[in-house]
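Colleague: To start, I am sharing the structure in question, which I have written as C-alpha cells.
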4 protein chains.
Amino acid sequence: MPHSVSVFGSAGFTGALTARLLYRHPSLELRALTARSDVGRRLDDLYPHHRVPLELEELDLDRHADVDAAVVAYPHGAAAPVVAELRGRGVRVVDLSADFRLRDPVVYRQWYREHEAPELLGEAVYGLPELYRDEIRGASLVANPGCYPTATLLALAPLARAGVIGEVVIDAKSGVSGAGRAATDKTHFVTVDENLNAYGVPRHRHIPEIEQELAALDPAHPDVRITFIPHLVPLDQGELCTCYVTLTEPDAAESLEAVYAEAYADEPFVELTTTPPGVRDVRETNICRISVHRDDRTGRVIVFGAIDNLWKGAASQAVQNLNLMFGLPEDEGIGVGRTPAREALT
Amino acid sequence: MPHSVSVFGSAGFTGALTARLLYRHPSLELRALTARSDVGRRLDDLYPHHRVPLELEELDLDRHADVDAAVVAYPHGAAAPVVAELRGRGVRVVDLSADFRLRDPVVYRQWYREHEAPELLGEAVYGLPELYRDEIRGASLVANPGCYPTATLLALAPLARAGVIGEVVIDAKSGVSGAGRAATDKTHFVTVDENLNAYGVPRHRHIPEIEQELAALDPAHPDVRITFIPHLVPLDQGELCTCYVTLTEPDAAESLEAVYAEAYADEPFVELTTTPPGVRDVRETNICRISVHRDDRTGRVIVFGAIDNLWKGAASQAVQNLNLMFGLPEDEGIGVGRTPAREALT
Amino acid sequence: MPHSVSVFGSAGFTGALTARLLYRHPSLELRALTARSDVGRRLDDLYPHHRVPLELEELDLDRHADVDAAVVAYPHGAAAPVVAELRGRGVRVVDLSADFRLRDPVVYRQWYREHEAPELLGEAVYGLPELYRDEIRGASLVANPGCYPTATLLALAPLARAGVIGEVVIDAKSGVSGAGRAATDKTHFVTVDENLNAYGVPRHRHIPEIEQELAALDPAHPDVRITFIPHLVPLDQGELCTCYVTLTEPDAAESLEAVYAEAYADEPFVELTTTPPGVRDVRETNICRISVHRDDRTGRVIVFGAIDNLWKGAASQAVQNLNLMFGLPEDEGIGVGRTPAREALT
Amino acid sequence: MPHSVSVFGSAGFTGALTARLLYRHPSLELRALTARSDVGRRLDDLYPHHRVPLELEELDLDRHADVDAAVVAYPHGAAAPVVAELRGRGVRVVDLSADFRLRDPVVYRQWYREHEAPELLGEAVYGLPELYRDEIRGASLVANPGCYPTATLLALAPLARAGVIGEVVIDAKSGVSGAGRAATDKTHFVTVDENLNAYGVPRHRHIPEIEQELAALDPAHPDVRITFIPHLVPLDQGELCTCYVTLTEPDAAESLEAVYAEAYADEPFVELTTTPPGVRDVRETNICRISVHRDDRTGRVIVFGAIDNLWKGAASQAVQNLNLMFGLPEDEGIGVGRTPAREALT
C-alpha cells in the first residue's frame, strides 16, 4: 500500500514540482495540495507542463494532516509553525524551507529571525542524502538543503572530509527559477534577459548552512569562513557553483580524481566528469555533476558542482529523502531510467 | 534656442526611452519627467542603461505644462484627460496611447471605452510619418501609432495604395518589452523563456487601427476586415509582422519589388531587403525593414515588416514626429549616423 | 523478449534522442548506434544529458541490420538507399527523413530530387498515428512525418475531415533545434539570440507533405494549395503552427469545439485547450496541444498546434510508431506517467 | 582633414564593429576593410545592423597600408607579421590580438607560440587608457587589451596601486560573442541556450596579461599569481568579472569607496555603483561599471567589473585608443551623448 503524502504550499515552483513528482511516484500517493494563493485553481491550469489534475486547497490541517508524510514548501519563517503542527500530529515531514537546516537557533536568528519551533531542531536531520543517508532513513523531520548548499557541499565534501580545506571562495550562478514565482522587477523577462549580475552581496543566507556542514565534515576546522557570492543568469533551471579552494598544505590531496572517485563510487546521483560540467547536462534530473581541477600555478583547487536548482536543489531531493524515510529504492520516481546514471561516465 | 519638451509618464518602458532620446537630442530640451509610480527616483536608477540623471516627478500641470511640447506615455484611457489639459494650455502633444488614433469615437468605444476627449479627435493626426508627413508638420496633436500597426502599415501601404489588397491575414510576433513594465505571471522570465504562444485571440485592439488606415490608403475598399494574431516570443526588443495578402486579382501588382522601391525611394527610415528581415537588424533603431515575396503556387503575396517595438514602434517614432512638428531634420537625434541607412541596401 | 532496434544516423539531434528513448524503453532493446560523423565517440560524450553509454559505430549492414527494426535518421536523399537495403533484409523501418512521405515520386522530384527507391513507396505508411493508426500497425516501412506537418495536420485534421477547409495559411515558428546539429552562421548563438525571422520563403519542402495529407483527409478537395511560412525563434525545442482557415461556407462547422473534442476524444497524445497553447507546455513530451478559435469579424478559423519538434515532431513519434508496429502499448516509453495526459484538461 | 584608417580582418565580430564605429566617426575616415573570408561581400550584407556599405577586400598592402592608422583584428599569431609590415611602412597600429600585449617574449611563447616580431615589443604600449593614457598619446603601436583583462584590471587597479592585494581569484563570465564568429558545436545555439559552464580551466591565456599589469601597478609584488576561470553564459554581448581579493593586511584600504572614487574621479568611461553592476547596464557602450564590497566576515574584498566584451573589451576601446593617438577628444565617436556618463551616478 502506498504511503500517502500531502504537499503544503503547492503554488510555488518547488512545491508544484514536488507535486508532479509525487503524482507519478510508484510507491507514494499524492493525497492533497494546499496553497496560500490560487486556491481553487487546478495545478495543471497553473503549470500545464506538470500535468497534475488536482486542485489547490486552502489549508485544513484536520484533513490535510491525515497522511503519512508531508512536504512543506513554505517561505522561511512561515514553515516552522506548520511543521510543528504536523509533527504534533505525528506526520513525518520534509521541509523545503531553511527553518530546520541550522542546528543552532542563535545562528538562525542572526541570519533569519527568531525561531518559532526551536524544540524541533534536535530531531531535524539535514537532508543531503550523500552526507546523511543513514540519519535520514530513520528521520521524522528532514530539512531539505538549500540549492546552493546542495551543489557546494557535494562539490566540497571529499576535500572537507580529508581535512585539507584552507580558504574557500564560492562563486555561484543560478537560473531565474531560483528566484521563485513572485513577479517583480527583478524577475521580469526584460530585466533578466541578456543580463548577468551578482546579488545578495556579501551576506547571502546560504552561507551559515554551508559553513555548518563543512565544519561537520571536518571537525578539526570548526570555524571555516567562506565567501559566497551568487549571480543571476538568463536561463530557467540550472545552477553552477564554482568553488575555489586553498589547501591547508600545497601537497595535500595528491590525487584529487582518486579522492572524488572513491567518495562518490556508490552514489546514484553524483556524476564525475573530467571537463567542467554544464547545467544543461543535469536539467530536469536529480543529478549533481562534479569536476575537480588543480591550478598548478597557484596551488588552488577548483571544483565545479552543477545541479538543477528546482530538482536536486529542491523537489527531487525531497522525494529522494522521502524514499529513504520510507525504505523505498532511493531513485524511485526520480531516476533517469534503466541504467545507473554514473555508469555512463566510467 | 531648443524647443522644450516634457515626458508625461516616464516610468514605463516607452516613456523612459523617449526621455533618453530627448535628453540627447541636439535641438530639443528635455525639461521634466513625470510619473505615476517611482516618484522621487532618478531615471538612471530605474533604467541605468538610459543614463538620464533626472528625477521622476509627481504631475504638476502648472509647472510641467510650461513647455513647447509634451510626450504623453500614459495607458489607454488615462491619456485623453491629460492630453486635453495640455492642449487647453496650448502645448503641442505627441500621445503614445491609443486614445487619439481612431478617428471615430464609436469605434473607440467598441474596442476601448467611452472617449473622454472626443472634441480633440478632429485635430489629431495619425503619426506615421511615412503616410502623414505633411499633416504631422502642422499638427498640434499627434497620435503615435501602435507598434503592430506601424510595422503592418509600412509593410502593406504600397499594396493598399495600389488598391490590390483583397484578403489580409497578419501573423505578428513581439518581444516581451511590448508587454510593458508590469511584473506579472505573464512577464516573469520563467514563463516566457523557451516559450512561444499567441495572445489576444482573436480581437486584439490594434485591429481597428490597422483597418482604419488601410481603408484610408485604399478608399475603394473602405470595409477591409483583417485577421490579426499577435504572439509573444522570448526576446526583449523586436517585432515582426508577417502579412499574407490575397490580391484582388491574381495578376495585380506585377512587379512587387518595383512598387515597393518606388513607394519608399525617399524614406529615410524604411529599408527594403530581398531576404526576410530579422528583428535583430533593426534593434535600437527607428528603421522598419521590409521584404515582399510572391507565392506563385497560391498567388498570395507575403510581406514582412520588422521594427524595434520600443523604438520605431513607440519612442523614436515619437521623436520623429516631434522633429517634423518643429521643422527639424526628420532624423535628428534618432539617425544611424553619417550615411542614410537605405543607401546601404541599394 | 524485447524487440531489437538499431538507430542509423545517431549523431544528429533526432537520431540521438531516438536512441535515448529506445535505451530506456521497457519492451524494445537498443542494439546499436551508427553514425556518419563522430564514429568511436560515445553518445553520452556527445550528448551528456541523454545518458546513453553506447558508442557510435561506422555502418556495417551485416551487423547492424540483424535486428527486428531500424530507425533511420539520415538526411533526405541519403535515407532512401539505406532504407532499401534494410527492407531487402527484412528489417522493419521507421524513416525520419522525407524520402517516403510523399506517395508520388513526381512530386518528390519536384521538391527534393530523383527518388532512389520508388519501388518502396507503395508499402510506406505515413506515420502520423492519429491519422493512420491501423495502417501503421501492420506496416513494414513507416515514413515519420516532418515536424511542421505533424503540428499542422493535427491542428487541421478535424476541419479537413469535415470538408470545410477553403483557404489555408500556416504561419509556423520553430526553435533552433529544428535546424539540426550543423554549426553554421545560421545556428550560431549570436545570430539567433534576440532575433526572429522567416526562412524558406515561399517554398518550404514541408508544403507538399501537408497538401498531400489534407487532400487525403478531404478527398472532395484534392487540389488544396496552402501558403506555409516557417520562422526561426530564439529557443531550443518547441514549435507552434498558427493556421488561418477560410471555411468553404461561413456557417460551416458550427461548434468547432465539439468537432475537435470528438475528433480527439480517445487520442492519448492530443490535448485540447481553450487558450492558445505555449510550446513550453509540451516540451520534452510526445503531446500535441491544440486550440481552435473563430474570428467572428472575418469568419476565419484560427487553429494553433504546439509540439516539441524533436519529440512529437521526430523522435518520440518514431517510438510511438514502433510501439504500434510491434503491438505494444502506444505510449510505452514515451508517456507522461500515471495519468492519461488528456484527463488533465477535461 | 580626417585621419584615414583601415581595418584589417573585418569579417569577425570585433573587426566588423570597429568598422562600424569608424565609419561614423567625425574625425576619422574609414578607408578600407580587408578580410580573410567573405571577400567581395559587403559588410552590411554580413552584419546588416552595422549598416556599413563597404566591401570586404583581399589584403593588398600597397593599397591598404596607405593610411594614417590601421586596426588589426587578426587571430593571435597571425597578427604579428601584418603589424610588422604596417609598422615598416610607418602606419600607426592598434592591434586587437594578444601579440603585443605581453612585454616579455618568453612569457608570450609559454602561453601562445614563438613570437614573430619581438623587435616591436619595445615600442608597443598596453592600450588600457585608464592606466596608460599618456603613453598611448604618443604611441605608434598600441596593443588593445583582452576583454577579461580590461574588466579585471579596471576592477583591481585601485587596490593594486595601493599595494594591498594579497591573493586574487577572478571568476569571469562572458556572453557568446566573446567566442567569436566561428560556427562550432560550442557556439551552436542549442549548445549554449539554457546552459552555463566554465572553459579554459585552469590556464586561460588572459592570465599572464592580467598578472603583468597587476605587477606593473604594484611593483612591490612582482610575482602576483592569480586564479582566473572564465564561464560562458547564454547571452550575446556582456562580460562580468567577479574579483575576490584577500588584502595584504585585514585593515588595509579602509575606505574602499573613497579609494575607488578618487581613482576614477576623472575617467569618462568608468562608472562606480553601490550595487553590483549588470552587464545590460553597459551593453553597446565603452563603459566599465564597477562596484566594490567588503565581506566583513572573511575580510575579503569583492570587486565587480562589467563591460560589453565587444565594445570596451575590444572595438570601442580601439577607437578610444585611436582618439588618444590622434589627439582627438577621447570619447569622440564612442560617447553616450550630451552628458558625461559618470555624472549620472554621483
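Going by the C-alpha cells order, chains are called A, B, ..., each with residues numbered from 1, while ligands are numbered from 1 in the order shown.
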May I have the residues within 10 Å of stretch 13-21 of chain B as an NGL selection string, using only C-alpha atoms and disregarding those fewer than 5 positions away in the same chain?
Modeller: (:A and (190)) or (:B and (5-8 or 26 or 28 or 30-35 or 43-44 or 46-47 or 49-54 or 71-74 or 96 or 177-182 or 309-311 or 313-319 or 333-334)) or (:D and (337))
Colleague: Selection from above, C-alpha atoms, as a short mmCIF file (atom, residue, chain, number, x, y, z; two decimals), in the first residue's frame, can you write it?
Modeller:
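The file below, again.cif, is the result:
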```cif
data_model
loop_
_atom_site.label_atom_id
_atom_site.label_comp_id
_atom_site.auth_asym_id
_atom_site.auth_seq_id
_atom_site.Cartn_x
_atom_site.Cartn_y
_atom_site.Cartn_z
CA VAL A 190 13.19 42.33 -19.71
CA VAL B 5 9.64 69.07 -24.06
CA SER B 6 8.33 67.19 -21.03
CA VAL B 7 7.56 63.50 -20.89
CA PHE B 8 4.41 62.56 -19.01
CA PRO B 26 20.53 68.39 -30.31
CA LEU B 28 15.06 69.62 -28.18
CA LEU B 30 14.11 67.63 -22.08
CA ARG B 31 12.54 69.74 -19.36
CA ALA B 32 10.86 67.36 -16.93
CA LEU B 33 9.79 63.79 -16.36
CA THR B 34 6.55 62.99 -14.62
CA ALA B 35 5.50 59.58 -13.42
CA LEU B 43 15.58 57.64 -14.19
CA ASP B 44 19.16 56.36 -14.25
CA LEU B 46 15.37 52.82 -12.63
CA TYR B 47 16.98 52.29 -16.05
CA HIS B 49 21.40 51.99 -19.41
CA HIS B 50 19.43 55.08 -20.40
CA ARG B 51 21.82 57.30 -18.43
CA VAL B 52 19.35 60.12 -17.82
CA PRO B 53 20.20 61.78 -14.48
CA LEU B 54 16.78 63.31 -13.92
CA VAL B 71 5.03 63.41 -25.00
CA VAL B 72 2.33 61.54 -23.12
CA ALA B 73 3.07 57.91 -22.31
CA TYR B 74 0.01 57.03 -20.30
CA LEU B 96 1.75 57.35 -27.26
CA SER B 177 9.20 44.61 -23.82
CA GLY B 178 5.99 45.09 -25.79
CA ALA B 179 4.08 43.76 -22.80
CA GLY B 180 5.25 46.69 -20.73
CA ARG B 181 6.93 47.03 -17.39
CA ALA B 182 4.23 45.48 -15.22
CA ASN B 309 8.76 47.82 -30.91
CA LEU B 310 10.12 50.32 -28.36
CA TRP B 311 11.84 52.50 -30.98
CA GLY B 313 7.04 51.19 -32.58
CA ALA B 314 6.90 53.93 -29.95
CA ALA B 315 9.63 56.21 -28.64
CA SER B 316 11.86 57.03 -31.60
CA GLN B 317 8.80 57.44 -33.80
CA ALA B 318 7.53 59.98 -31.26
CA VAL B 319 10.79 61.87 -31.67
CA GLY B 333 18.55 62.51 -32.58
CA ILE B 334 17.39 59.18 -33.98
CA GLY D 337 25.95 61.65 -25.63
#
```
Colleague: Could the residues of chain D that have an atom at most 7 Å from chain A be listed as JSON lines, each with its closest atom pair and the distance in Å to one decimal, counting only C-alpha atoms and ordered by chain and ascending residue number?
Modeller:
```
{"residue": "D:Asp171", "atom": "CA", "partner": "A:Asp171", "partner_atom": "CA", "distance": 6.9}
{"residue": "D:Glu194", "atom": "CA", "partner": "A:Leu235", "partner_atom": "CA", "distance": 5.0}
{"residue": "D:Asn195", "atom": "CA", "partner": "A:Arg280", "partner_atom": "CA", "distance": 4.9}
{"residue": "D:Leu196", "atom": "CA", "partner": "A:Gly278", "partner_atom": "CA", "distance": 5.3}
{"residue": "D:Asn197", "atom": "CA", "partner": "A:Gly278", "partner_atom": "CA", "distance": 4.6}
{"residue": "D:Ala198", "atom": "CA", "partner": "A:Pro276", "partner_atom": "CA", "distance": 5.8}
{"residue": "D:Tyr199", "atom": "CA", "partner": "A:Pro276", "partner_atom": "CA", "distance": 6.9}
{"residue": "D:Pro202", "atom": "CA", "partner": "A:Asp295", "partner_atom": "CA", "distance": 5.6}
{"residue": "D:Arg225", "atom": "CA", "partner": "A:Thr298", "partner_atom": "CA", "distance": 6.3}
{"residue": "D:Ile226", "atom": "CA", "partner": "A:Thr298", "partner_atom": "CA", "distance": 6.9}
{"residue": "D:Thr227", "atom": "CA", "partner": "A:Thr298", "partner_atom": "CA", "distance": 6.7}
{"residue": "D:Pro234", "atom": "CA", "partner": "A:Pro234", "partner_atom": "CA", "distance": 6.6}
{"residue": "D:Leu235", "atom": "CA", "partner": "A:Glu194", "partner_atom": "CA", "distance": 5.0}
{"residue": "D:Asp236", "atom": "CA", "partner": "A:Glu194", "partner_atom": "CA", "distance": 6.8}
{"residue": "D:Pro276", "atom": "CA", "partner": "A:Ala198", "partner_atom": "CA", "distance": 5.8}
{"residue": "D:Pro277", "atom": "CA", "partner": "A:Asn197", "partner_atom": "CA", "distance": 6.1}
{"residue": "D:Gly278", "atom": "CA", "partner": "A:Asn197", "partner_atom": "CA", "distance": 4.6}
{"residue": "D:Val279", "atom": "CA", "partner": "A:Asn195", "partner_atom": "CA", "distance": 5.4}
{"residue": "D:Arg280", "atom": "CA", "partner": "A:Asn195", "partner_atom": "CA", "distance": 4.9}
{"residue": "D:Asp295", "atom": "CA", "partner": "A:Pro202", "partner_atom": "CA", "distance": 5.6}
{"residue": "D:Thr298", "atom": "CA", "partner": "A:Arg225", "partner_atom": "CA", "distance": 6.2}
```
Colleague: Using DSSP assignments from the backbone, pull out every residue in stretch 19-210 of chain A that falls under helix (DSSP H, G or I) and give it to me as a VMD selection string.
Modeller: chain A and resid 19 to 23 43 to 46 48 to 50 61 to 64 79 to 88 105 to 111 118 to 120 129 to 137 147 to 161 176 to 179 189 to 192 207 to 210
Colleague: Print the selection's residues with C-alpha atoms to a file, as a compact mmCIF listing (two decimals), in the first residue's frame.
Modeller:
```txt
# COMPACT_ATOMS: atom_id res chain seq x y z
CA ALA A 19 3.57 17.55 -6.51
CA ARG A 20 4.34 16.49 -10.08
CA LEU A 21 6.97 14.02 -8.96
CA LEU A 22 4.78 12.58 -6.22
CA TYR A 23 1.76 12.33 -8.52
CA LEU A 43 -2.32 22.70 -10.71
CA ASP A 44 -2.42 21.83 -14.41
CA ASP A 45 -4.03 25.19 -15.04
CA LEU A 46 -1.23 26.99 -13.19
CA PRO A 48 0.29 22.92 -17.62
CA HIS A 49 3.56 21.09 -18.19
CA HIS A 50 3.35 19.37 -14.80
CA LEU A 61 -4.94 20.59 8.97
CA ASP A 62 -7.60 18.19 10.15
CA ARG A 63 -7.98 16.94 6.64
CA HIS A 64 -4.57 17.56 5.15
CA ALA A 79 7.31 26.94 7.65
CA ALA A 80 8.26 26.37 11.29
CA PRO A 81 4.76 26.71 12.80
CA VAL A 82 3.18 24.43 10.20
CA VAL A 83 5.93 21.87 10.60
CA ALA A 84 5.38 21.96 14.36
CA GLU A 85 1.66 21.33 13.88
CA LEU A 86 2.35 18.44 11.56
CA ARG A 87 4.92 16.88 13.85
CA GLY A 88 2.48 17.28 16.72
CA PRO A 105 18.85 28.71 16.85
CA VAL A 106 21.23 31.57 17.64
CA VAL A 107 22.74 31.31 14.19
CA TYR A 108 19.24 31.05 12.71
CA ARG A 109 18.30 34.27 14.45
CA GLN A 110 21.40 36.05 13.16
CA TRP A 111 20.60 35.22 9.55
CA PRO A 118 13.38 25.53 18.30
CA GLU A 119 12.24 22.46 20.22
CA LEU A 120 12.20 20.53 16.93
CA PRO A 129 21.43 12.02 1.36
CA GLU A 130 25.01 11.80 0.18
CA LEU A 131 26.09 13.02 3.63
CA TYR A 132 23.32 11.85 5.95
CA ARG A 133 21.78 8.82 4.31
CA ASP A 134 21.53 6.73 7.44
CA GLU A 135 20.15 9.50 9.60
CA ILE A 136 17.51 10.33 7.00
CA ARG A 137 16.33 6.72 6.93
CA CYS A 147 20.03 24.70 -3.66
CA TYR A 148 23.41 26.42 -3.34
CA PRO A 149 24.44 24.34 -0.32
CA THR A 150 23.49 21.17 -2.19
CA ALA A 151 25.79 21.87 -5.13
CA THR A 152 28.53 23.38 -2.98
CA LEU A 153 28.61 20.67 -0.34
CA LEU A 154 28.62 17.86 -2.88
CA ALA A 155 31.47 19.66 -4.65
CA LEU A 156 33.48 20.17 -1.47
CA ALA A 157 32.62 17.19 0.76
CA PRO A 158 35.52 14.95 -0.34
CA LEU A 159 38.02 17.73 0.36
CA ALA A 160 36.37 18.66 3.63
CA ARG A 161 36.35 15.08 4.86
CA VAL A 176 15.87 32.56 -12.65
CA SER A 177 13.57 29.84 -11.35
CA GLY A 178 15.72 30.03 -8.23
CA ALA A 179 14.24 33.46 -7.55
CA PHE A 189 11.94 38.96 -18.54
CA VAL A 190 13.19 42.33 -19.71
CA THR A 191 15.33 42.73 -16.59
CA VAL A 192 16.95 39.33 -16.75
CA ILE A 207 26.40 30.93 3.99
CA PRO A 208 25.77 29.63 7.54
CA GLU A 209 24.27 26.45 6.12
CA ILE A 210 27.37 25.73 4.07
```
Colleague: Which residues are near A:Asp38? Cut-off 9 Å, only C-alpha atoms, ignore same chain within fewer than 5 positions. Put them as a PyMOL selection string.
Modeller: chain A and resi 11+46+56-57
Colleague: Rounded to one decimal, what separation in Å do you get between atom CA of A:Arg205 and atom CA of B:Thr187?
Modeller: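 Result for atom CA of A:Arg205 versus atom CA of B:Thr187: 27.2 Å, one decimal.
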Colleague: Within 10 Å of B:Arg101, counting only C-alpha atoms, which residues qualify if same-chain residues fewer than 5 places away don't, as a VMD selection string?
Modeller: chain B and resid 95 to 96 108 121 124 to 127 142 to 146 206 208 to 209 212 to 213
Colleague: I'd like to know which of C:Gly40, C:Gly77, C:Gly138, C:Pro219 is closest to C:Gly327, using only C-alpha atoms.
Modeller: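 Ranking C:Gly40, C:Gly77, C:Gly138, C:Pro219 by distance to C:Gly327, first place goes to C:Gly138.
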Colleague: Run DSSP on the backbone and grab whatever in stretch 27-158 of chain D lands in strand (DSSP E); send it over as a PyMOL selection string.
Modeller: chain D and resi 28-34+56-57+69-72+92-95+124-126+141-143
Colleague: Quote the spacing between atom CA of B:Glu262 and atom CA of B:Leu128 in Å to one decimal place.
Modeller: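 A separation of 18.2 Å between them.
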